[in-house]
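The file target_15.txt comes next; it holds compact mmCIF, C-alpha atoms.
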# COMPACT_ATOMS: atom_id res chain seq x y z
CA ASP A 1 31.56 -9.54 -33.73
CA ALA A 2 32.54 -10.23 -37.31
CA LYS A 3 36.28 -10.48 -37.70
CA THR A 4 36.30 -9.18 -41.28
CA THR A 5 35.70 -5.87 -43.01
CA GLN A 6 34.78 -5.51 -46.68
CA PRO A 7 33.76 -2.61 -48.92
CA PRO A 8 29.97 -2.46 -49.16
CA SER A 9 29.83 -2.46 -52.95
CA MET A 10 31.89 -2.77 -56.12
CA ASP A 11 31.30 -2.71 -59.87
CA CYS A 12 33.16 -4.75 -62.45
CA ALA A 13 32.94 -4.84 -66.24
CA GLU A 14 31.88 -8.15 -67.76
CA GLY A 15 34.89 -10.19 -68.88
CA ARG A 16 37.30 -8.36 -66.60
CA ALA A 17 38.77 -9.70 -63.38
CA ALA A 18 36.89 -8.86 -60.20
CA ASN A 19 39.16 -8.34 -57.19
CA LEU A 20 37.31 -8.31 -53.89
CA PRO A 21 39.35 -7.27 -50.83
CA CYS A 22 38.87 -8.35 -47.24
CA ASN A 23 40.56 -7.16 -44.07
CA HIS A 24 40.93 -9.65 -41.19
CA SER A 25 43.65 -8.05 -39.10
CA THR A 26 42.72 -9.90 -35.88
CA ILE A 27 42.86 -13.38 -37.38
CA SER A 28 44.52 -16.08 -35.28
CA GLY A 29 47.04 -18.60 -36.51
CA ASN A 30 44.65 -21.54 -36.84
CA GLU A 31 41.68 -19.63 -38.29
CA TYR A 32 40.81 -20.21 -41.92
CA VAL A 33 39.46 -17.62 -44.34
CA TYR A 34 36.36 -18.68 -46.28
CA TRP A 35 34.55 -16.95 -49.11
CA TYR A 36 30.88 -17.40 -49.93
CA ARG A 37 28.52 -15.61 -52.26
CA GLN A 38 24.78 -15.13 -52.13
CA ILE A 39 22.60 -14.55 -55.12
CA HIS A 40 19.21 -13.03 -54.43
CA SER A 41 16.73 -15.40 -52.74
CA GLN A 42 19.23 -18.25 -52.46
CA GLY A 43 21.37 -19.59 -49.64
CA PRO A 44 25.06 -18.68 -49.59
CA GLN A 45 27.25 -20.70 -51.94
CA TYR A 46 30.74 -21.82 -50.99
CA ILE A 47 33.52 -20.46 -53.23
CA ILE A 48 36.94 -21.13 -51.74
CA HIS A 49 38.92 -21.15 -48.50
CA GLY A 50 42.53 -21.01 -47.34
CA LEU A 51 44.85 -20.74 -44.36
CA LYS A 52 48.04 -19.08 -45.53
CA ASN A 53 48.83 -20.31 -49.02
CA ASN A 54 47.18 -18.94 -52.13
CA GLU A 55 44.42 -21.19 -53.44
CA THR A 56 42.74 -21.65 -56.80
CA ASN A 57 39.77 -23.69 -57.94
CA GLU A 58 37.38 -23.68 -60.87
CA MET A 59 35.48 -20.69 -59.51
CA ALA A 60 38.10 -18.30 -58.17
CA SER A 61 41.52 -17.63 -56.72
CA LEU A 62 42.27 -16.59 -53.15
CA ILE A 63 45.32 -14.51 -52.38
CA ILE A 64 46.25 -14.25 -48.68
CA THR A 65 48.93 -11.78 -47.60
CA GLU A 66 51.99 -13.15 -45.86
CA ASP A 67 50.95 -11.64 -42.51
CA ARG A 68 47.44 -13.09 -43.07
CA LYS A 69 45.81 -9.79 -42.17
CA SER A 70 44.05 -9.44 -45.49
CA SER A 71 43.02 -11.41 -48.53
CA THR A 72 41.64 -10.90 -52.02
CA LEU A 73 39.15 -13.02 -53.90
CA ILE A 74 39.72 -12.94 -57.64
CA LEU A 75 37.07 -13.89 -60.19
CA PRO A 76 39.27 -14.03 -63.30
CA HIS A 77 36.60 -13.33 -65.96
CA ALA A 78 33.49 -11.93 -64.37
CA THR A 79 30.12 -12.67 -65.96
CA LEU A 80 26.69 -11.19 -65.33
CA ARG A 81 25.85 -14.29 -63.31
CA ASP A 82 28.59 -13.38 -60.82
CA THR A 83 26.49 -10.44 -59.61
CA ALA A 84 25.94 -11.28 -55.94
CA VAL A 85 26.88 -10.40 -52.38
CA TYR A 86 30.30 -11.82 -51.50
CA TYR A 87 31.10 -12.68 -47.90
CA CYS A 88 34.58 -13.06 -46.47
CA ILE A 89 34.48 -15.11 -43.28
CA VAL A 90 36.95 -16.14 -40.64
CA ARG A 91 36.13 -19.53 -39.18
CA VAL A 92 36.62 -19.25 -35.44
CA VAL A 93 37.50 -22.29 -33.35
CA SER A 94 36.09 -22.08 -29.84
CA SER A 95 35.89 -24.92 -27.33
CA GLY A 96 36.26 -27.44 -30.10
CA THR A 97 33.45 -26.02 -32.20
CA TYR A 98 33.61 -24.10 -35.44
CA LYS A 99 31.76 -20.82 -35.80
CA TYR A 100 31.46 -18.97 -39.09
CA ILE A 101 30.94 -15.27 -38.44
CA PHE A 102 29.43 -13.45 -41.41
CA GLY A 103 29.81 -9.71 -41.92
CA THR A 104 27.69 -7.60 -44.26
CA GLY A 105 29.68 -8.55 -47.38
CA THR A 106 30.44 -6.78 -50.66
CA ARG A 107 27.69 -6.33 -53.20
CA LEU A 108 29.35 -6.97 -56.58
CA LYS A 109 27.59 -5.75 -59.68
CA VAL A 110 28.94 -7.01 -63.00
CA LEU A 111 28.14 -4.57 -65.77
CA ALA A 112 27.51 -5.50 -69.41
CA GLY B 1 23.48 -35.53 -54.75
CA ALA B 2 20.78 -33.88 -52.63
CA GLY B 3 21.68 -30.66 -50.89
CA VAL B 4 20.37 -29.13 -47.68
CA SER B 5 16.60 -28.99 -47.77
CA GLN B 6 14.48 -26.55 -45.76
CA SER B 7 10.74 -26.42 -45.33
CA PRO B 8 8.53 -24.59 -45.70
CA SER B 9 10.15 -22.20 -48.17
CA ASN B 10 7.75 -19.46 -47.09
CA LYS B 11 5.72 -19.06 -43.91
CA VAL B 12 3.28 -16.29 -43.02
CA THR B 13 2.02 -16.30 -39.47
CA GLU B 14 0.16 -14.04 -37.12
CA LYS B 15 1.89 -12.34 -34.24
CA GLY B 16 1.75 -14.51 -31.14
CA LYS B 17 1.56 -17.85 -32.96
CA ASP B 18 4.25 -20.55 -32.74
CA VAL B 19 6.14 -21.71 -35.84
CA GLU B 20 8.38 -24.67 -36.63
CA LEU B 21 11.02 -24.57 -39.32
CA ARG B 22 12.60 -27.75 -40.59
CA CYS B 23 16.06 -28.53 -41.93
CA ASP B 24 17.18 -31.76 -43.64
CA PRO B 25 20.99 -31.68 -43.85
CA ILE B 26 23.12 -33.48 -46.38
CA SER B 27 23.24 -37.16 -45.53
CA GLY B 28 26.21 -37.99 -43.31
CA HIS B 29 26.89 -34.41 -42.28
CA THR B 30 27.31 -34.28 -38.52
CA ALA B 31 27.50 -30.52 -38.05
CA LEU B 32 24.40 -28.35 -38.51
CA TYR B 33 24.01 -24.58 -38.18
CA TRP B 34 21.07 -22.19 -38.08
CA TYR B 35 21.42 -18.58 -39.18
CA ARG B 36 18.99 -15.70 -39.51
CA GLN B 37 19.12 -13.03 -42.22
CA SER B 38 17.02 -9.91 -41.90
CA LEU B 39 16.23 -7.89 -45.01
CA GLY B 40 19.37 -6.43 -46.53
CA GLN B 41 21.58 -7.69 -43.70
CA GLY B 42 24.29 -10.28 -43.31
CA LEU B 43 23.85 -13.64 -41.63
CA GLU B 44 23.35 -13.79 -37.86
CA PHE B 45 24.49 -17.02 -36.17
CA LEU B 46 21.81 -18.69 -34.03
CA ILE B 47 22.87 -22.19 -32.99
CA TYR B 48 25.25 -25.00 -33.86
CA PHE B 49 24.74 -28.76 -33.51
CA GLN B 50 27.36 -31.47 -33.52
CA GLY B 51 25.40 -34.68 -33.80
CA ASN B 52 22.36 -34.28 -31.55
CA SER B 53 24.01 -31.97 -29.04
CA ALA B 54 24.17 -28.21 -29.25
CA PRO B 55 27.49 -27.03 -27.84
CA ASP B 56 26.86 -23.47 -28.97
CA LYS B 57 23.46 -21.84 -28.47
CA SER B 58 24.92 -18.41 -27.97
CA GLY B 59 23.16 -16.81 -30.90
CA LEU B 60 19.57 -17.59 -29.94
CA PRO B 61 18.05 -14.10 -29.47
CA SER B 62 15.59 -14.98 -26.69
CA ASP B 63 14.03 -17.87 -24.82
CA ARG B 64 11.22 -17.89 -27.38
CA PHE B 65 13.70 -19.56 -29.74
CA SER B 66 14.66 -23.20 -29.40
CA ALA B 67 16.06 -25.90 -31.64
CA GLU B 68 16.51 -29.61 -31.54
CA ARG B 69 18.08 -32.27 -33.66
CA THR B 70 17.12 -35.92 -33.58
CA GLY B 71 18.94 -38.95 -34.92
CA GLY B 72 21.86 -36.76 -35.87
CA SER B 73 19.93 -35.65 -38.94
CA VAL B 74 16.80 -33.49 -39.16
CA SER B 75 16.66 -30.31 -37.12
CA THR B 76 13.71 -28.16 -36.12
CA LEU B 77 13.89 -24.50 -35.12
CA THR B 78 10.88 -23.41 -33.08
CA ILE B 79 9.86 -19.83 -32.44
CA GLN B 80 7.17 -19.37 -29.81
CA ARG B 81 4.86 -16.36 -29.55
CA THR B 82 6.25 -14.86 -32.74
CA GLN B 83 6.87 -11.12 -32.95
CA GLN B 84 7.12 -8.90 -36.01
CA GLU B 85 10.87 -8.50 -35.47
CA ASP B 86 11.20 -12.26 -36.00
CA SER B 87 10.44 -11.72 -39.69
CA ALA B 88 13.52 -12.82 -41.61
CA VAL B 89 14.96 -15.61 -43.73
CA TYR B 90 16.10 -18.53 -41.59
CA LEU B 91 18.99 -20.44 -43.15
CA CYS B 92 20.29 -23.88 -42.28
CA ALA B 93 23.71 -25.23 -43.21
CA SER B 94 25.52 -28.51 -42.69
CA SER B 95 29.08 -29.75 -42.93
CA SER B 96 31.02 -32.93 -42.47
CA ARG B 97 33.28 -33.02 -39.45
CA GLY B 98 35.07 -35.92 -41.08
CA SER B 99 37.08 -33.36 -43.00
CA TYR B 100 38.64 -30.60 -40.92
CA ASN B 101 38.24 -28.13 -43.73
CA SER B 102 34.79 -29.13 -44.89
CA PRO B 103 32.84 -26.01 -45.91
CA LEU B 104 29.27 -25.23 -44.96
CA HIS B 105 26.55 -26.14 -47.44
CA PHE B 106 23.46 -23.95 -47.15
CA GLY B 107 19.82 -24.53 -47.92
CA ASN B 108 17.74 -21.82 -49.59
CA GLY B 109 16.10 -20.84 -46.34
CA THR B 110 12.61 -20.31 -44.95
CA ARG B 111 11.23 -16.82 -45.37
CA LEU B 112 9.19 -16.06 -42.27
CA THR B 113 6.75 -13.16 -42.25
CA VAL B 114 4.99 -12.27 -39.01
CA THR B 115 1.95 -10.08 -39.53

Before we go any further, please render this structure as structure tokens.
Amino acid sequence: DAKTTQPPSMDCAEGRAANLPCNHSTISGNEYVYWYRQIHSQGPQYIIHGLKNNETNEMASLIITEDRKSSTLILPHATLRDTAVYYCIVRVVSSGTYKYIFGTGTRLKVLA
Amino acid sequence: GAGVSQSPSNKVTEKGKDVELRCDPISGHTALYWYRQSLGQGLEFLIYFQGNSAPDKSGLPSDRFSAERTGGSVSTLTIQRTQQEDSAVYLCASSSRGSYNSPLHFGNGTRLTVT
């Protein structure tokens, strides 16, 4: 019962910006959007999260639409090491507990 | 500092045997999660601990699966009478409830193969 939908795969040229979309049209007002990535044979790595404002850190930027029904993760200058599966997650609050529901993600391939 | 540690990194077992998977969370993290990832799939939630209690066990696929956490730290996931469909990577993650927005930090998982 993932609350997000993402394209299964994307390609991006090395050095260009990678823009990864995510649809979360059923998100509730207090649910945060998180982004993780997973490189082969490793555990998922946290990238960034936000509620309604755009966010930026040393890894990426997160743009959330005003209605909060979708977001975009931006890797400003993609490198070959950014090749990974990227997961967009809505953190659900239920009975005082937090549940992170992962979908199947977007497989990003950065091309030389 | 040290991240989430899981052991063993790989486990091969025969069908019908019991296995125990261990997770050492980041020191001071009160929340602990177990996920399962089958080949080429996304992550499937199994169970969540807050301290030593498990308020959400909704993801455990059958009564062959159980988990415990002692001392608010180390957690063990036990699978009894393993079946071939249990083959997957089992991932553990922890977070600090001290910060409302604290993200999950994952270990590198235990790859379980049931032959």

Exercise. Could you list as a PyMOL selection string every residue that has an atom within 12 Å of (10.0, -8.9, -38.3), using the file's coordinates and counting all atoms listed in the file?
Worked result: chain B and resi 12-15+36-39+82-90+111-115

Exercise. Could you pull the residues within 10 Å of A:Glu14, counting all atoms listed in the file, minus those fewer than 6 positions along the same chain, as a ChimeraX atom specification?
Worked result: /A:77-82,109-112

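Proximity of B:Arg22, B:Ala54, B:Phe45, B:Ser7 to B:Thr78, computed with only C-alpha atoms, is greatest for B:Arg22.
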
Seminar exercise, completed: Atom pair atom CA of B:Lys57 + atom CA of A:Lys99, distance 11.1 Å

Anything within 8 Å of (30.0, -14.4, -49.9): list those residues as a PDB file with C-alpha atoms, in the frame of the given file, counting only C-alpha atoms and sticking to the file's coordinates.
ATOM      1  CA  TRP A  35      34.550 -16.950 -49.110  1.00  0.00           C
ATOM      2  CA  TYR A  36      30.880 -17.400 -49.930  1.00  0.00           C
ATOM      3  CA  ARG A  37      28.520 -15.610 -52.260  1.00  0.00           C
ATOM      4  CA  GLN A  38      24.780 -15.130 -52.130  1.00  0.00           C
ATOM      5  CA  PRO A  44      25.060 -18.680 -49.590  1.00  0.00           C
ATOM      6  CA  GLN A  45      27.250 -20.700 -51.940  1.00  0.00           C
ATOM      7  CA  TYR A  46      30.740 -21.820 -50.990  1.00  0.00           C
ATOM      8  CA  ILE A  47      33.520 -20.460 -53.230  1.00  0.00           C
ATOM      9  CA  ALA A  84      25.940 -11.280 -55.940  1.00  0.00           C
ATOM     10  CA  VAL A  85      26.880 -10.400 -52.380  1.00  0.00           C
ATOM     11  CA  TYR A  86      30.300 -11.820 -51.500  1.00  0.00           C
ATOM     12  CA  TYR A  87      31.100 -12.680 -47.900  1.00  0.00           C
ATOM     13  CA  CYS A  88      34.580 -13.060 -46.470  1.00  0.00           C
ATOM     14  CA  GLY A 105      29.680  -8.550 -47.380  1.00  0.00           C
ATOM     15  CA  THR A 106      30.440  -6.780 -50.660  1.00  0.00           C
TER      16      THR A 106
END

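What chain B places within 8 Å of chain A, counting all atoms listed in the file, is B:Gln41, B:Gly42, B:Leu43, B:Glu44, B:Phe45, B:Tyr48, B:Pro55, B:Asp56, B:Leu91, B:Pro103, B:Leu104, B:His105, B:Phe106, B:Gly107, B:Asn108, B:Gly109.
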
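The closest residue to A:Ala18, picked from A:Thr4, A:Ile89, A:Leu108, A:Asn30 and counting all atoms listed in the file, is A:Leu108.
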
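Between atom CA of A:Asn23 and atom CA of A:Ala60 the interatomic distance comes to 18.1 Å.
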
Exercise. Could you pull the residues within 10 Å of stretch 64-69 of chain B, counting only C-alpha atoms, minus those fewer than 3 positions along the same chain, as a PyMOL selection string?
Worked result: chain B and resi 18-23+32+34+46-54+57+59-61+72-83+86

File dump, residues just selected, C-alpha atoms, as a compact mmCIF listing (two decimals), in the coordinates of the input:
# COMPACT_ATOMS: atom_id res chain seq x y z
CA ASP B 18 4.25 -20.55 -32.74
CA VAL B 19 6.14 -21.71 -35.84
CA GLU B 20 8.38 -24.67 -36.63
CA LEU B 21 11.02 -24.57 -39.32
CA ARG B 22 12.60 -27.75 -40.59
CA CYS B 23 16.06 -28.53 -41.93
CA LEU B 32 24.40 -28.35 -38.51
CA TRP B 34 21.07 -22.19 -38.08
CA LEU B 46 21.81 -18.69 -34.03
CA ILE B 47 22.87 -22.19 -32.99
CA TYR B 48 25.25 -25.00 -33.86
CA PHE B 49 24.74 -28.76 -33.51
CA GLN B 50 27.36 -31.47 -33.52
CA GLY B 51 25.40 -34.68 -33.80
CA ASN B 52 22.36 -34.28 -31.55
CA SER B 53 24.01 -31.97 -29.04
CA ALA B 54 24.17 -28.21 -29.25
CA LYS B 57 23.46 -21.84 -28.47
CA GLY B 59 23.16 -16.81 -30.90
CA LEU B 60 19.57 -17.59 -29.94
CA PRO B 61 18.05 -14.10 -29.47
CA GLY B 72 21.86 -36.76 -35.87
CA SER B 73 19.93 -35.65 -38.94
CA VAL B 74 16.80 -33.49 -39.16
CA SER B 75 16.66 -30.31 -37.12
CA THR B 76 13.71 -28.16 -36.12
CA LEU B 77 13.89 -24.50 -35.12
CA THR B 78 10.88 -23.41 -33.08
CA ILE B 79 9.86 -19.83 -32.44
CA GLN B 80 7.17 -19.37 -29.81
CA ARG B 81 4.86 -16.36 -29.55
CA THR B 82 6.25 -14.86 -32.74
CA GLN B 83 6.87 -11.12 -32.95
CA ASP B 86 11.20 -12.26 -36.00

Exercise. So how many Å separate atom CA of A:His40 and atom CA of A:Ser9, to one decimal?
Worked result: 15.1 Å

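If only C-alpha atoms are the atoms counted, then among A:Leu73, A:Ile63, A:Leu20, A:Ile27 the closest residue to A:Val93 is A:Ile27.
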
Exercise. Which neighbours of A:His24 fall inside 7 Å, counting all atoms listed in the file, when residues of the same chain fewer than 4 positions from it are skipped, and could you give them as a list of chain:residue names?
Worked result: A:Lys3, A:Thr4, A:Thr5, A:Lys69, A:Ser70

For this session: Measuring atom to atom with all atoms listed in the file, identify which of B:Ser94, B:Thr70, B:Lys11, B:Gln6 is nearest to B:Ile26.
Result: B:Ser94

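Distance check against A:Pro76 using all atoms listed in the file: of A:Ser28, A:Lys52, A:Arg16, A:Val33, the minimum falls on A:Arg16.
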
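Closest approach to B:Ser95 among B:Ser27, B:Ser58, B:Ser5, B:Thr110 is made by B:Ser27 (distances from all atoms listed in the file).
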